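As stored in model-v2.txt (compact mmCIF, N, CA and C atoms):
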```txt
# COMPACT_ATOMS: atom_id res chain seq x y z
N MET A 174 0.85 -1.17 0.00
CA MET A 174 0.00 0.00 0.00
C MET A 174 0.90 1.24 0.00
N ASP A 175 0.75 2.06 -1.02
CA ASP A 175 1.59 3.25 -1.13
C ASP A 175 0.87 4.48 -0.59
N GLU A 176 1.55 5.61 -0.69
CA GLU A 176 1.02 6.87 -0.13
C GLU A 176 -0.28 7.30 -0.80
N VAL A 177 -0.40 7.10 -2.11
CA VAL A 177 -1.64 7.49 -2.81
C VAL A 177 -2.82 6.68 -2.27
N SER A 178 -2.66 5.38 -2.13
CA SER A 178 -3.74 4.54 -1.60
C SER A 178 -4.08 4.91 -0.17
N ARG A 179 -3.07 5.18 0.66
CA ARG A 179 -3.32 5.59 2.04
C ARG A 179 -4.08 6.92 2.09
N THR A 180 -3.72 7.85 1.22
CA THR A 180 -4.41 9.15 1.18
C THR A 180 -5.86 8.97 0.73
N ILE A 181 -6.08 8.11 -0.24
CA ILE A 181 -7.45 7.83 -0.69
C ILE A 181 -8.27 7.25 0.46
N LEU A 182 -7.72 6.26 1.15
CA LEU A 182 -8.44 5.64 2.26
C LEU A 182 -8.71 6.63 3.39
N ALA A 183 -7.72 7.42 3.73
CA ALA A 183 -7.89 8.41 4.80
C ALA A 183 -8.97 9.41 4.43
N SER A 184 -8.99 9.85 3.18
CA SER A 184 -9.99 10.81 2.72
C SER A 184 -11.39 10.22 2.78
N LEU A 185 -11.52 8.97 2.33
CA LEU A 185 -12.83 8.32 2.33
C LEU A 185 -13.32 8.02 3.74
N GLN A 186 -12.42 7.76 4.69
CA GLN A 186 -12.83 7.58 6.08
C GLN A 186 -13.47 8.85 6.63
N ARG A 187 -12.93 9.99 6.24
CA ARG A 187 -13.49 11.27 6.71
C ARG A 187 -14.80 11.59 6.00
N ASN A 188 -14.87 11.28 4.70
CA ASN A 188 -16.06 11.59 3.91
C ASN A 188 -16.15 10.60 2.76
N ALA A 189 -17.05 9.64 2.88
CA ALA A 189 -17.18 8.59 1.86
C ALA A 189 -17.72 9.13 0.54
N ARG A 190 -18.20 10.37 0.53
CA ARG A 190 -18.73 10.96 -0.70
C ARG A 190 -17.67 11.78 -1.45
N THR A 191 -16.43 11.66 -1.05
CA THR A 191 -15.35 12.37 -1.72
C THR A 191 -15.28 11.93 -3.18
N THR A 192 -15.22 12.88 -4.08
CA THR A 192 -15.20 12.58 -5.51
C THR A 192 -13.78 12.24 -5.98
N ALA A 193 -13.70 11.64 -7.16
CA ALA A 193 -12.40 11.32 -7.75
C ALA A 193 -11.59 12.60 -7.97
N ALA A 194 -12.25 13.68 -8.34
CA ALA A 194 -11.54 14.96 -8.54
C ALA A 194 -10.95 15.46 -7.22
N GLU A 195 -11.71 15.33 -6.13
CA GLU A 195 -11.20 15.74 -4.82
C GLU A 195 -10.04 14.84 -4.38
N LEU A 196 -10.15 13.54 -4.65
CA LEU A 196 -9.06 12.63 -4.33
C LEU A 196 -7.81 12.98 -5.13
N ALA A 197 -8.00 13.36 -6.39
CA ALA A 197 -6.87 13.76 -7.24
C ALA A 197 -6.18 14.98 -6.65
N ALA A 198 -6.95 15.95 -6.19
CA ALA A 198 -6.37 17.16 -5.61
C ALA A 198 -5.58 16.83 -4.34
N ARG A 199 -6.08 15.89 -3.56
CA ARG A 199 -5.40 15.53 -2.31
C ARG A 199 -4.16 14.68 -2.52
N THR A 200 -4.18 13.84 -3.56
CA THR A 200 -3.07 12.91 -3.78
C THR A 200 -2.03 13.42 -4.76
N GLY A 201 -2.45 14.35 -5.63
CA GLY A 201 -1.55 14.81 -6.68
C GLY A 201 -1.56 13.90 -7.90
N ALA A 202 -2.37 12.86 -7.87
CA ALA A 202 -2.50 11.93 -9.00
C ALA A 202 -3.68 12.37 -9.87
N ALA A 203 -3.75 11.84 -11.07
CA ALA A 203 -4.87 12.15 -11.97
C ALA A 203 -6.16 11.53 -11.42
N ALA A 204 -7.30 12.16 -11.75
CA ALA A 204 -8.59 11.65 -11.30
C ALA A 204 -8.81 10.22 -11.80
N SER A 205 -8.41 9.93 -13.03
CA SER A 205 -8.57 8.57 -13.58
C SER A 205 -7.74 7.56 -12.78
N THR A 206 -6.54 7.97 -12.37
CA THR A 206 -5.69 7.11 -11.54
C THR A 206 -6.35 6.85 -10.19
N CYS A 207 -6.89 7.90 -9.60
CA CYS A 207 -7.56 7.76 -8.30
C CYS A 207 -8.78 6.85 -8.42
N LEU A 208 -9.53 6.98 -9.51
CA LEU A 208 -10.69 6.14 -9.71
C LEU A 208 -10.28 4.67 -9.87
N ARG A 209 -9.20 4.42 -10.62
CA ARG A 209 -8.70 3.04 -10.76
C ARG A 209 -8.25 2.49 -9.41
N ARG A 210 -7.53 3.31 -8.65
CA ARG A 210 -7.07 2.89 -7.32
C ARG A 210 -8.26 2.59 -6.41
N LEU A 211 -9.27 3.45 -6.47
CA LEU A 211 -10.46 3.27 -5.66
C LEU A 211 -11.13 1.94 -5.99
N ARG A 212 -11.30 1.64 -7.26
CA ARG A 212 -11.92 0.37 -7.68
C ARG A 212 -11.07 -0.82 -7.23
N ALA A 213 -9.75 -0.68 -7.32
CA ALA A 213 -8.86 -1.77 -6.88
C ALA A 213 -8.97 -1.98 -5.37
N LEU A 214 -9.08 -0.89 -4.60
CA LEU A 214 -9.23 -1.01 -3.14
C LEU A 214 -10.56 -1.67 -2.79
N GLU A 215 -11.61 -1.36 -3.55
CA GLU A 215 -12.90 -2.01 -3.34
C GLU A 215 -12.82 -3.50 -3.68
N SER A 216 -12.22 -3.81 -4.82
CA SER A 216 -12.11 -5.21 -5.27
C SER A 216 -11.29 -6.07 -4.32
N SER A 217 -10.25 -5.48 -3.75
CA SER A 217 -9.37 -6.23 -2.84
C SER A 217 -10.01 -6.47 -1.48
N GLY A 218 -11.09 -5.76 -1.18
CA GLY A 218 -11.72 -5.88 0.12
C GLY A 218 -11.20 -4.89 1.14
N ALA A 219 -10.22 -4.06 0.76
CA ALA A 219 -9.72 -3.04 1.69
C ALA A 219 -10.84 -2.06 2.04
N ILE A 220 -11.67 -1.73 1.06
CA ILE A 220 -12.87 -0.93 1.30
C ILE A 220 -14.04 -1.90 1.32
N ARG A 221 -14.68 -2.02 2.48
CA ARG A 221 -15.77 -3.00 2.63
C ARG A 221 -17.13 -2.42 2.30
N GLY A 222 -17.26 -1.10 2.28
CA GLY A 222 -18.55 -0.49 1.99
C GLY A 222 -18.52 0.99 2.31
N TYR A 223 -19.65 1.63 2.06
CA TYR A 223 -19.82 3.05 2.33
C TYR A 223 -21.06 3.21 3.19
N HIS A 224 -20.98 4.09 4.19
CA HIS A 224 -22.05 4.18 5.18
C HIS A 224 -22.35 5.64 5.53
N ALA A 225 -23.60 5.87 5.93
CA ALA A 225 -23.98 7.17 6.47
C ALA A 225 -23.75 7.15 7.98
N ASP A 226 -23.28 8.23 8.54
CA ASP A 226 -23.05 8.36 9.98
C ASP A 226 -24.30 9.01 10.57
N ILE A 227 -25.15 8.22 11.19
CA ILE A 227 -26.45 8.67 11.68
C ILE A 227 -26.38 8.89 13.19
N ASP A 228 -26.89 10.03 13.63
CA ASP A 228 -26.95 10.35 15.06
C ASP A 228 -28.07 9.53 15.69
N PRO A 229 -27.74 8.57 16.58
CA PRO A 229 -28.78 7.71 17.17
C PRO A 229 -29.88 8.50 17.88
N ALA A 230 -29.51 9.53 18.63
CA ALA A 230 -30.51 10.30 19.38
C ALA A 230 -31.47 11.02 18.44
N ALA A 231 -30.98 11.46 17.29
CA ALA A 231 -31.82 12.19 16.34
C ALA A 231 -32.90 11.30 15.73
N VAL A 232 -32.70 9.99 15.77
CA VAL A 232 -33.69 9.07 15.20
C VAL A 232 -34.35 8.21 16.28
N GLY A 233 -34.28 8.68 17.53
CA GLY A 233 -35.05 8.05 18.60
C GLY A 233 -34.33 7.01 19.44
N PHE A 234 -33.03 6.80 19.23
CA PHE A 234 -32.28 5.84 20.04
C PHE A 234 -31.36 6.62 20.98
N SER A 235 -31.94 7.11 22.07
CA SER A 235 -31.20 7.99 22.97
C SER A 235 -30.33 7.23 23.97
N LEU A 236 -30.46 5.91 24.05
CA LEU A 236 -29.71 5.13 25.02
C LEU A 236 -28.79 4.15 24.31
N GLN A 237 -27.52 4.16 24.69
CA GLN A 237 -26.57 3.17 24.20
C GLN A 237 -26.14 2.34 25.40
N VAL A 238 -26.11 1.03 25.19
CA VAL A 238 -25.77 0.10 26.27
C VAL A 238 -24.62 -0.79 25.80
N ILE A 239 -23.67 -1.01 26.69
CA ILE A 239 -22.63 -2.00 26.46
C ILE A 239 -23.04 -3.22 27.30
N ALA A 240 -23.20 -4.35 26.64
CA ALA A 240 -23.57 -5.58 27.34
C ALA A 240 -22.41 -6.56 27.22
N PHE A 241 -21.91 -6.98 28.36
CA PHE A 241 -20.85 -8.00 28.41
C PHE A 241 -21.53 -9.34 28.63
N VAL A 242 -21.25 -10.29 27.76
CA VAL A 242 -21.93 -11.58 27.80
C VAL A 242 -20.93 -12.69 28.10
N THR A 243 -21.30 -13.56 29.03
CA THR A 243 -20.51 -14.75 29.34
C THR A 243 -21.38 -15.97 29.01
N LEU A 244 -20.76 -16.93 28.32
CA LEU A 244 -21.48 -18.15 27.97
C LEU A 244 -21.26 -19.23 29.02
N GLU A 245 -22.20 -20.17 29.09
CA GLU A 245 -22.06 -21.31 30.01
C GLU A 245 -20.95 -22.24 29.52
N ARG A 246 -20.91 -22.47 28.20
CA ARG A 246 -19.94 -23.36 27.58
C ARG A 246 -19.36 -22.65 26.37
N GLU A 247 -18.18 -23.08 25.96
CA GLU A 247 -17.57 -22.47 24.78
C GLU A 247 -17.28 -23.52 23.71
N ASP A 248 -18.16 -24.50 23.60
CA ASP A 248 -18.02 -25.48 22.53
C ASP A 248 -18.51 -24.87 21.21
N ARG A 249 -18.10 -25.46 20.11
CA ARG A 249 -18.40 -24.91 18.79
C ARG A 249 -19.90 -24.72 18.56
N ALA A 250 -20.70 -25.69 18.91
CA ALA A 250 -22.15 -25.61 18.68
C ALA A 250 -22.77 -24.44 19.44
N THR A 251 -22.35 -24.25 20.69
CA THR A 251 -22.88 -23.14 21.50
C THR A 251 -22.48 -21.80 20.91
N ILE A 252 -21.22 -21.68 20.56
CA ILE A 252 -20.73 -20.42 19.98
C ILE A 252 -21.45 -20.11 18.68
N GLU A 253 -21.58 -21.10 17.80
CA GLU A 253 -22.25 -20.87 16.52
C GLU A 253 -23.71 -20.49 16.71
N ALA A 254 -24.41 -21.17 17.62
CA ALA A 254 -25.81 -20.85 17.88
C ALA A 254 -25.96 -19.45 18.46
N PHE A 255 -25.11 -19.12 19.43
CA PHE A 255 -25.14 -17.79 20.05
C PHE A 255 -24.90 -16.71 18.99
N GLU A 256 -23.84 -16.85 18.20
CA GLU A 256 -23.49 -15.83 17.22
C GLU A 256 -24.56 -15.70 16.14
N ARG A 257 -25.15 -16.80 15.74
CA ARG A 257 -26.23 -16.77 14.74
C ARG A 257 -27.42 -15.97 15.26
N GLU A 258 -27.79 -16.21 16.52
CA GLU A 258 -28.93 -15.51 17.12
C GLU A 258 -28.64 -14.02 17.35
N VAL A 259 -27.45 -13.71 17.85
CA VAL A 259 -27.10 -12.30 18.08
C VAL A 259 -27.20 -11.51 16.78
N ALA A 260 -26.77 -12.12 15.67
CA ALA A 260 -26.79 -11.44 14.38
C ALA A 260 -28.20 -11.08 13.92
N THR A 261 -29.22 -11.71 14.48
CA THR A 261 -30.60 -11.42 14.08
C THR A 261 -31.24 -10.29 14.88
N ILE A 262 -30.60 -9.87 15.96
CA ILE A 262 -31.18 -8.82 16.82
C ILE A 262 -30.75 -7.47 16.29
N THR A 263 -31.68 -6.75 15.68
CA THR A 263 -31.34 -5.51 14.97
C THR A 263 -30.84 -4.40 15.89
N GLN A 264 -31.22 -4.42 17.16
CA GLN A 264 -30.76 -3.37 18.08
C GLN A 264 -29.33 -3.59 18.54
N VAL A 265 -28.76 -4.76 18.27
CA VAL A 265 -27.34 -4.99 18.54
C VAL A 265 -26.59 -4.38 17.35
N ILE A 266 -25.95 -3.24 17.59
CA ILE A 266 -25.31 -2.51 16.49
C ILE A 266 -23.85 -2.90 16.28
N SER A 267 -23.27 -3.59 17.26
CA SER A 267 -21.96 -4.22 17.05
C SER A 267 -21.82 -5.33 18.07
N ALA A 268 -21.09 -6.36 17.68
CA ALA A 268 -20.86 -7.50 18.56
C ALA A 268 -19.45 -8.01 18.31
N GLU A 269 -18.73 -8.23 19.38
CA GLU A 269 -17.35 -8.68 19.27
C GLU A 269 -17.11 -9.84 20.22
N ARG A 270 -16.44 -10.87 19.71
CA ARG A 270 -16.03 -11.98 20.56
C ARG A 270 -14.68 -11.61 21.17
N LEU A 271 -14.52 -11.87 22.45
CA LEU A 271 -13.33 -11.46 23.18
C LEU A 271 -12.53 -12.67 23.66
N PHE A 272 -11.24 -12.47 23.87
CA PHE A 272 -10.44 -13.44 24.60
C PHE A 272 -10.66 -13.17 26.07
N GLY A 273 -10.68 -14.20 26.88
CA GLY A 273 -10.83 -14.01 28.32
C GLY A 273 -12.28 -13.88 28.73
N ASP A 274 -12.49 -13.23 29.85
CA ASP A 274 -13.82 -13.09 30.41
C ASP A 274 -14.18 -11.61 30.44
N PRO A 275 -15.29 -11.20 29.92
CA PRO A 275 -16.40 -11.95 29.36
C PRO A 275 -16.10 -12.46 27.94
N ASP A 276 -17.05 -13.21 27.40
CA ASP A 276 -16.85 -13.81 26.09
C ASP A 276 -17.19 -12.86 24.93
N TYR A 277 -18.16 -11.97 25.16
CA TYR A 277 -18.61 -11.07 24.09
C TYR A 277 -18.87 -9.67 24.64
N LEU A 278 -18.70 -8.70 23.75
CA LEU A 278 -19.08 -7.31 24.03
C LEU A 278 -20.10 -6.94 22.97
N LEU A 279 -21.28 -6.56 23.41
CA LEU A 279 -22.35 -6.13 22.50
C LEU A 279 -22.63 -4.65 22.74
N ARG A 280 -22.75 -3.90 21.67
CA ARG A 280 -23.19 -2.50 21.78
C ARG A 280 -24.63 -2.48 21.28
N VAL A 281 -25.52 -1.96 22.12
CA VAL A 281 -26.95 -2.01 21.85
C VAL A 281 -27.52 -0.60 21.79
N ALA A 282 -28.37 -0.36 20.80
CA ALA A 282 -29.09 0.92 20.70
C ALA A 282 -30.50 0.70 21.22
N ALA A 283 -30.93 1.57 22.13
CA ALA A 283 -32.29 1.46 22.68
C ALA A 283 -32.93 2.83 22.72
N ARG A 284 -34.25 2.84 22.65
CA ARG A 284 -34.97 4.12 22.68
C ARG A 284 -34.92 4.74 24.08
N ASP A 285 -34.99 3.89 25.09
CA ASP A 285 -34.93 4.33 26.48
C ASP A 285 -34.66 3.11 27.36
N LEU A 286 -34.65 3.31 28.66
CA LEU A 286 -34.33 2.22 29.58
C LEU A 286 -35.37 1.09 29.50
N GLU A 287 -36.64 1.44 29.38
CA GLU A 287 -37.68 0.41 29.26
C GLU A 287 -37.50 -0.41 27.98
N ASP A 288 -37.11 0.23 26.90
CA ASP A 288 -36.87 -0.47 25.64
C ASP A 288 -35.72 -1.47 25.82
N TYR A 289 -34.65 -1.04 26.48
CA TYR A 289 -33.54 -1.96 26.71
C TYR A 289 -33.95 -3.11 27.62
N GLN A 290 -34.73 -2.82 28.65
CA GLN A 290 -35.18 -3.88 29.55
C GLN A 290 -35.97 -4.93 28.78
N ARG A 291 -36.88 -4.50 27.89
CA ARG A 291 -37.64 -5.46 27.08
C ARG A 291 -36.72 -6.29 26.19
N LEU A 292 -35.74 -5.61 25.56
CA LEU A 292 -34.79 -6.30 24.70
C LEU A 292 -33.97 -7.32 25.50
N ARG A 293 -33.52 -6.91 26.67
CA ARG A 293 -32.71 -7.80 27.51
C ARG A 293 -33.52 -9.00 27.97
N ASP A 294 -34.74 -8.76 28.44
CA ASP A 294 -35.57 -9.84 28.96
C ASP A 294 -36.06 -10.78 27.86
N ASN A 295 -36.46 -10.23 26.72
CA ASN A 295 -37.11 -11.03 25.68
C ASN A 295 -36.19 -11.58 24.61
N HIS A 296 -35.01 -10.98 24.45
CA HIS A 296 -34.12 -11.42 23.36
C HIS A 296 -32.73 -11.78 23.88
N LEU A 297 -32.05 -10.82 24.47
CA LEU A 297 -30.69 -11.10 24.95
C LEU A 297 -30.69 -12.19 26.00
N GLY A 298 -31.63 -12.14 26.92
CA GLY A 298 -31.71 -13.12 27.99
C GLY A 298 -32.08 -14.52 27.52
N GLU A 299 -32.54 -14.64 26.29
CA GLU A 299 -32.94 -15.94 25.73
C GLU A 299 -31.90 -16.50 24.77
N LEU A 300 -30.76 -15.86 24.65
CA LEU A 300 -29.74 -16.34 23.71
C LEU A 300 -29.21 -17.71 24.12
N PRO A 301 -28.91 -18.55 23.14
CA PRO A 301 -28.41 -19.89 23.45
C PRO A 301 -27.08 -19.87 24.19
N GLY A 302 -26.96 -20.71 25.20
CA GLY A 302 -25.70 -20.86 25.92
C GLY A 302 -25.38 -19.75 26.91
N LEU A 303 -26.31 -18.84 27.11
CA LEU A 303 -26.06 -17.68 27.97
C LEU A 303 -25.89 -18.07 29.43
N SER A 304 -24.84 -17.52 30.05
CA SER A 304 -24.63 -17.69 31.48
C SER A 304 -24.95 -16.38 32.20
N LYS A 305 -24.41 -15.26 31.66
CA LYS A 305 -24.54 -14.00 32.38
C LYS A 305 -24.46 -12.82 31.40
N ILE A 306 -25.25 -11.79 31.68
CA ILE A 306 -25.16 -10.51 30.97
C ILE A 306 -24.89 -9.43 32.01
N THR A 307 -23.88 -8.64 31.78
CA THR A 307 -23.61 -7.47 32.61
C THR A 307 -23.76 -6.25 31.71
N SER A 308 -24.71 -5.39 32.05
CA SER A 308 -25.00 -4.22 31.22
C SER A 308 -24.50 -2.95 31.88
N THR A 309 -24.01 -2.07 31.06
CA THR A 309 -23.61 -0.75 31.55
C THR A 309 -24.08 0.29 30.54
N LEU A 310 -24.57 1.41 31.05
CA LEU A 310 -25.09 2.46 30.18
C LEU A 310 -23.96 3.39 29.76
N VAL A 311 -23.98 3.80 28.52
CA VAL A 311 -22.99 4.75 28.02
C VAL A 311 -23.41 6.14 28.45
N MET A 312 -22.53 6.81 29.19
CA MET A 312 -22.82 8.16 29.65
C MET A 312 -22.59 9.17 28.54
N ARG A 313 -21.45 9.01 27.85
CA ARG A 313 -21.08 9.96 26.80
C ARG A 313 -20.06 9.28 25.90
N THR A 314 -20.20 9.49 24.61
CA THR A 314 -19.23 8.93 23.66
C THR A 314 -18.16 9.98 23.39
N LEU A 315 -16.92 9.59 23.61
CA LEU A 315 -15.81 10.53 23.41
C LEU A 315 -15.20 10.41 22.02
N VAL A 316 -15.01 9.19 21.55
CA VAL A 316 -14.43 8.93 20.23
C VAL A 316 -15.33 7.90 19.56
N GLU A 317 -15.75 8.20 18.35
CA GLU A 317 -16.63 7.27 17.64
C GLU A 317 -16.24 7.22 16.18
N HIS A 318 -16.14 6.04 15.63
CA HIS A 318 -15.85 5.86 14.21
C HIS A 318 -14.65 6.68 13.76
N ARG A 319 -13.60 6.63 14.50
CA ARG A 319 -12.43 7.43 14.18
C ARG A 319 -11.79 7.00 12.87
N GLY A 320 -11.79 5.75 12.58
CA GLY A 320 -11.11 5.26 11.40
C GLY A 320 -9.68 4.88 11.71
N LEU A 321 -9.04 4.24 10.76
CA LEU A 321 -7.67 3.79 10.95
C LEU A 321 -6.68 4.94 10.80
N PRO A 322 -5.55 4.89 11.47
CA PRO A 322 -4.58 6.00 11.44
C PRO A 322 -3.60 5.89 10.24
N PHE A 323 -4.03 6.38 9.10
CA PHE A 323 -3.18 6.34 7.91
C PHE A 323 -2.13 7.42 7.92
```
The structure given in the file should be rewritten as C-alpha cells.
Amino acid sequence: MDEVSRTILASLQRNARTTAAELAARTGAAASTCLRRLRALESSGAIRGYHADIDPAAVGFSLQVIAFVTLEREDRATIEAFEREVATITQVISAERLFGDPDYLLRVAARDLEDYQRLRDNHLGELPGLSKITSTLVMRTLVEHRGLPF
C-alpha cells in the first residue's frame, strides 16, 4: 500500500462521498488514476462499503448500552448458535467476541431504559448458551468511528 492509496483511504474515512476529482487534488495523481485505485481497493476488500453516519438520538435511540456476555460453555455448537442468534437482533449494532472473560461485548441501541429492559428480557436473555449478561449504560461517547490511522 503506497502513499496514494493511504491518502485515498484516509480521505474516504473522513467523507465517503469524496469525488475522484477531490481525491486527485489531495493525492496529486490524476482523477482517472484515483478512480482506478479506488476500484482496486474495493475489489481487494480493503474498502468494505460506504455508510452514512447517523446520530442515534436524532432518530429516537437515545440510550446506548454496552452488554458484556458470558457463555455457560464455549463449545463450537454453543458459539455458533449464540453468534447466529445475536446477528438477528437488529438493536445490537456491534458485537465482538473477546479473549478471556467476558466472552462477548455487545453494543446495543435502545430508545430508552424500558426499551432496553424489554430487549434484555425477551431477546438477549434468551440467547443460546447464555450464562450472564452485565450491562452498563454509556454516559457519553468521546471517540466514535475514528477510522484507521493512515
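If you measure from each of A:Arg313, A:Arg291, A:Thr243, A:Ala260 to Asp274 of chain A using only N, CA and C atoms, the closest one turns out to be A:Thr243.
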Check: Excluding same-chain residues fewer than 5 positions from Leu303 of chain A, what lies within 7 Å of it counting all atoms listed in the file, as a PyMOL selection string?
Finding: chain A and resi 243-246+298
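Of note, atom CA of Tyr277 of chain A and atom CA of Ala240 of chain A are spaced 8.1 Å apart.
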Item checked: Shortest interatomic distance to Ile252 of chain A - which of A:Ser308, A:Val265, A:Thr314, A:Pro301, counting only N, CA and C atoms -> A:Pro301
For the strand (DSSP E or B) assignment from backbone DSSP, which residues of chain A qualify? Please present them as a PDB file with N, CA and C atoms, in the frame of the given file.
```
ATOM      1  N   LEU A 236     -30.460   5.910  24.050  1.00  0.00           N
ATOM      2  CA  LEU A 236     -29.710   5.130  25.020  1.00  0.00           C
ATOM      3  C   LEU A 236     -28.790   4.150  24.310  1.00  0.00           C
ATOM      4  N   GLN A 237     -27.520   4.160  24.690  1.00  0.00           N
ATOM      5  CA  GLN A 237     -26.570   3.170  24.200  1.00  0.00           C
ATOM      6  C   GLN A 237     -26.140   2.340  25.400  1.00  0.00           C
ATOM      7  N   VAL A 238     -26.110   1.030  25.190  1.00  0.00           N
ATOM      8  CA  VAL A 238     -25.770   0.100  26.270  1.00  0.00           C
ATOM      9  C   VAL A 238     -24.620  -0.790  25.800  1.00  0.00           C
ATOM     10  N   ILE A 239     -23.670  -1.010  26.690  1.00  0.00           N
ATOM     11  CA  ILE A 239     -22.630  -2.000  26.460  1.00  0.00           C
ATOM     12  C   ILE A 239     -23.040  -3.220  27.300  1.00  0.00           C
ATOM     13  N   ALA A 240     -23.200  -4.350  26.640  1.00  0.00           N
ATOM     14  CA  ALA A 240     -23.570  -5.580  27.340  1.00  0.00           C
ATOM     15  C   ALA A 240     -22.410  -6.560  27.220  1.00  0.00           C
ATOM     16  N   PHE A 241     -21.910  -6.980  28.360  1.00  0.00           N
ATOM     17  CA  PHE A 241     -20.850  -8.000  28.410  1.00  0.00           C
ATOM     18  C   PHE A 241     -21.530  -9.340  28.630  1.00  0.00           C
ATOM     19  N   VAL A 242     -21.250 -10.290  27.760  1.00  0.00           N
ATOM     20  CA  VAL A 242     -21.930 -11.580  27.800  1.00  0.00           C
ATOM     21  C   VAL A 242     -20.930 -12.690  28.100  1.00  0.00           C
ATOM     22  N   THR A 243     -21.300 -13.560  29.030  1.00  0.00           N
ATOM     23  CA  THR A 243     -20.510 -14.750  29.340  1.00  0.00           C
ATOM     24  C   THR A 243     -21.380 -15.970  29.010  1.00  0.00           C
ATOM     25  N   LEU A 244     -20.760 -16.930  28.320  1.00  0.00           N
ATOM     26  CA  LEU A 244     -21.480 -18.150  27.970  1.00  0.00           C
ATOM     27  C   LEU A 244     -21.260 -19.230  29.020  1.00  0.00           C
ATOM     28  N   VAL A 265     -28.760  -4.760  18.270  1.00  0.00           N
ATOM     29  CA  VAL A 265     -27.340  -4.990  18.540  1.00  0.00           C
ATOM     30  C   VAL A 265     -26.590  -4.380  17.350  1.00  0.00           C
ATOM     31  N   ILE A 266     -25.950  -3.240  17.590  1.00  0.00           N
ATOM     32  CA  ILE A 266     -25.310  -2.510  16.490  1.00  0.00           C
ATOM     33  C   ILE A 266     -23.850  -2.900  16.280  1.00  0.00           C
ATOM     34  N   SER A 267     -23.270  -3.590  17.260  1.00  0.00           N
ATOM     35  CA  SER A 267     -21.960  -4.220  17.050  1.00  0.00           C
ATOM     36  C   SER A 267     -21.820  -5.330  18.070  1.00  0.00           C
ATOM     37  N   ALA A 268     -21.090  -6.360  17.680  1.00  0.00           N
ATOM     38  CA  ALA A 268     -20.860  -7.500  18.560  1.00  0.00           C
ATOM     39  C   ALA A 268     -19.450  -8.010  18.310  1.00  0.00           C
ATOM     40  N   GLU A 269     -18.730  -8.230  19.380  1.00  0.00           N
ATOM     41  CA  GLU A 269     -17.350  -8.680  19.270  1.00  0.00           C
ATOM     42  C   GLU A 269     -17.110  -9.840  20.220  1.00  0.00           C
ATOM     43  N   ARG A 270     -16.440 -10.870  19.710  1.00  0.00           N
ATOM     44  CA  ARG A 270     -16.030 -11.980  20.560  1.00  0.00           C
ATOM     45  C   ARG A 270     -14.680 -11.610  21.170  1.00  0.00           C
ATOM     46  N   TYR A 277     -18.160 -11.970  25.160  1.00  0.00           N
ATOM     47  CA  TYR A 277     -18.610 -11.070  24.090  1.00  0.00           C
ATOM     48  C   TYR A 277     -18.870  -9.670  24.640  1.00  0.00           C
ATOM     49  N   LEU A 278     -18.700  -8.700  23.750  1.00  0.00           N
ATOM     50  CA  LEU A 278     -19.080  -7.310  24.030  1.00  0.00           C
ATOM     51  C   LEU A 278     -20.100  -6.940  22.970  1.00  0.00           C
ATOM     52  N   LEU A 279     -21.280  -6.560  23.410  1.00  0.00           N
ATOM     53  CA  LEU A 279     -22.350  -6.130  22.500  1.00  0.00           C
ATOM     54  C   LEU A 279     -22.630  -4.650  22.740  1.00  0.00           C
ATOM     55  N   ARG A 280     -22.750  -3.900  21.670  1.00  0.00           N
ATOM     56  CA  ARG A 280     -23.190  -2.500  21.780  1.00  0.00           C
ATOM     57  C   ARG A 280     -24.630  -2.480  21.280  1.00  0.00           C
ATOM     58  N   VAL A 281     -25.520  -1.960  22.120  1.00  0.00           N
ATOM     59  CA  VAL A 281     -26.950  -2.010  21.850  1.00  0.00           C
ATOM     60  C   VAL A 281     -27.520  -0.600  21.790  1.00  0.00           C
ATOM     61  N   ALA A 282     -28.370  -0.360  20.800  1.00  0.00           N
ATOM     62  CA  ALA A 282     -29.090   0.920  20.700  1.00  0.00           C
ATOM     63  C   ALA A 282     -30.500   0.700  21.220  1.00  0.00           C
ATOM     64  N   ALA A 283     -30.930   1.570  22.130  1.00  0.00           N
ATOM     65  CA  ALA A 283     -32.290   1.460  22.680  1.00  0.00           C
ATOM     66  C   ALA A 283     -32.930   2.830  22.720  1.00  0.00           C
ATOM     67  N   LEU A 303     -26.310 -18.840  27.110  1.00  0.00           N
ATOM     68  CA  LEU A 303     -26.060 -17.680  27.970  1.00  0.00           C
ATOM     69  C   LEU A 303     -25.890 -18.070  29.430  1.00  0.00           C
ATOM     70  N   SER A 304     -24.840 -17.520  30.050  1.00  0.00           N
ATOM     71  CA  SER A 304     -24.630 -17.690  31.480  1.00  0.00           C
ATOM     72  C   SER A 304     -24.950 -16.380  32.200  1.00  0.00           C
ATOM     73  N   LYS A 305     -24.410 -15.260  31.660  1.00  0.00           N
ATOM     74  CA  LYS A 305     -24.540 -14.000  32.380  1.00  0.00           C
ATOM     75  C   LYS A 305     -24.460 -12.820  31.400  1.00  0.00           C
ATOM     76  N   ILE A 306     -25.250 -11.790  31.680  1.00  0.00           N
ATOM     77  CA  ILE A 306     -25.160 -10.510  30.970  1.00  0.00           C
ATOM     78  C   ILE A 306     -24.890  -9.430  32.010  1.00  0.00           C
ATOM     79  N   THR A 307     -23.880  -8.640  31.780  1.00  0.00           N
ATOM     80  CA  THR A 307     -23.610  -7.470  32.610  1.00  0.00           C
ATOM     81  C   THR A 307     -23.760  -6.250  31.710  1.00  0.00           C
ATOM     82  N   SER A 308     -24.710  -5.390  32.050  1.00  0.00           N
ATOM     83  CA  SER A 308     -25.000  -4.220  31.220  1.00  0.00           C
ATOM     84  C   SER A 308     -24.500  -2.950  31.880  1.00  0.00           C
ATOM     85  N   THR A 309     -24.010  -2.070  31.060  1.00  0.00           N
ATOM     86  CA  THR A 309     -23.610  -0.750  31.550  1.00  0.00           C
ATOM     87  C   THR A 309     -24.080   0.290  30.540  1.00  0.00           C
ATOM     88  N   LEU A 310     -24.570   1.410  31.050  1.00  0.00           N
ATOM     89  CA  LEU A 310     -25.090   2.460  30.180  1.00  0.00           C
ATOM     90  C   LEU A 310     -23.960   3.390  29.760  1.00  0.00           C
TER      91      LEU A 310
END
```
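Atom pair atom N of Ala219 of chain A / atom N of Phe323 of chain A: separated by 14.7 Å.
Of the residues under consideration (A:Ala204, A:Leu300, A:Met174, A:Ile306), A:Leu300 shows the shortest atom-to-atom contact distance to Glu253 of chain A when counting only C-alpha atoms.
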Next item on the list: Up to 8 Å from (-24.3, -9.4, 24.4) in the file's coordinates: name the residues, counting only N, CA and C atoms, as a PyMOL selection string.
Entry: chain A and resi 239-243+259+265+267-269+276-281+297+305-307
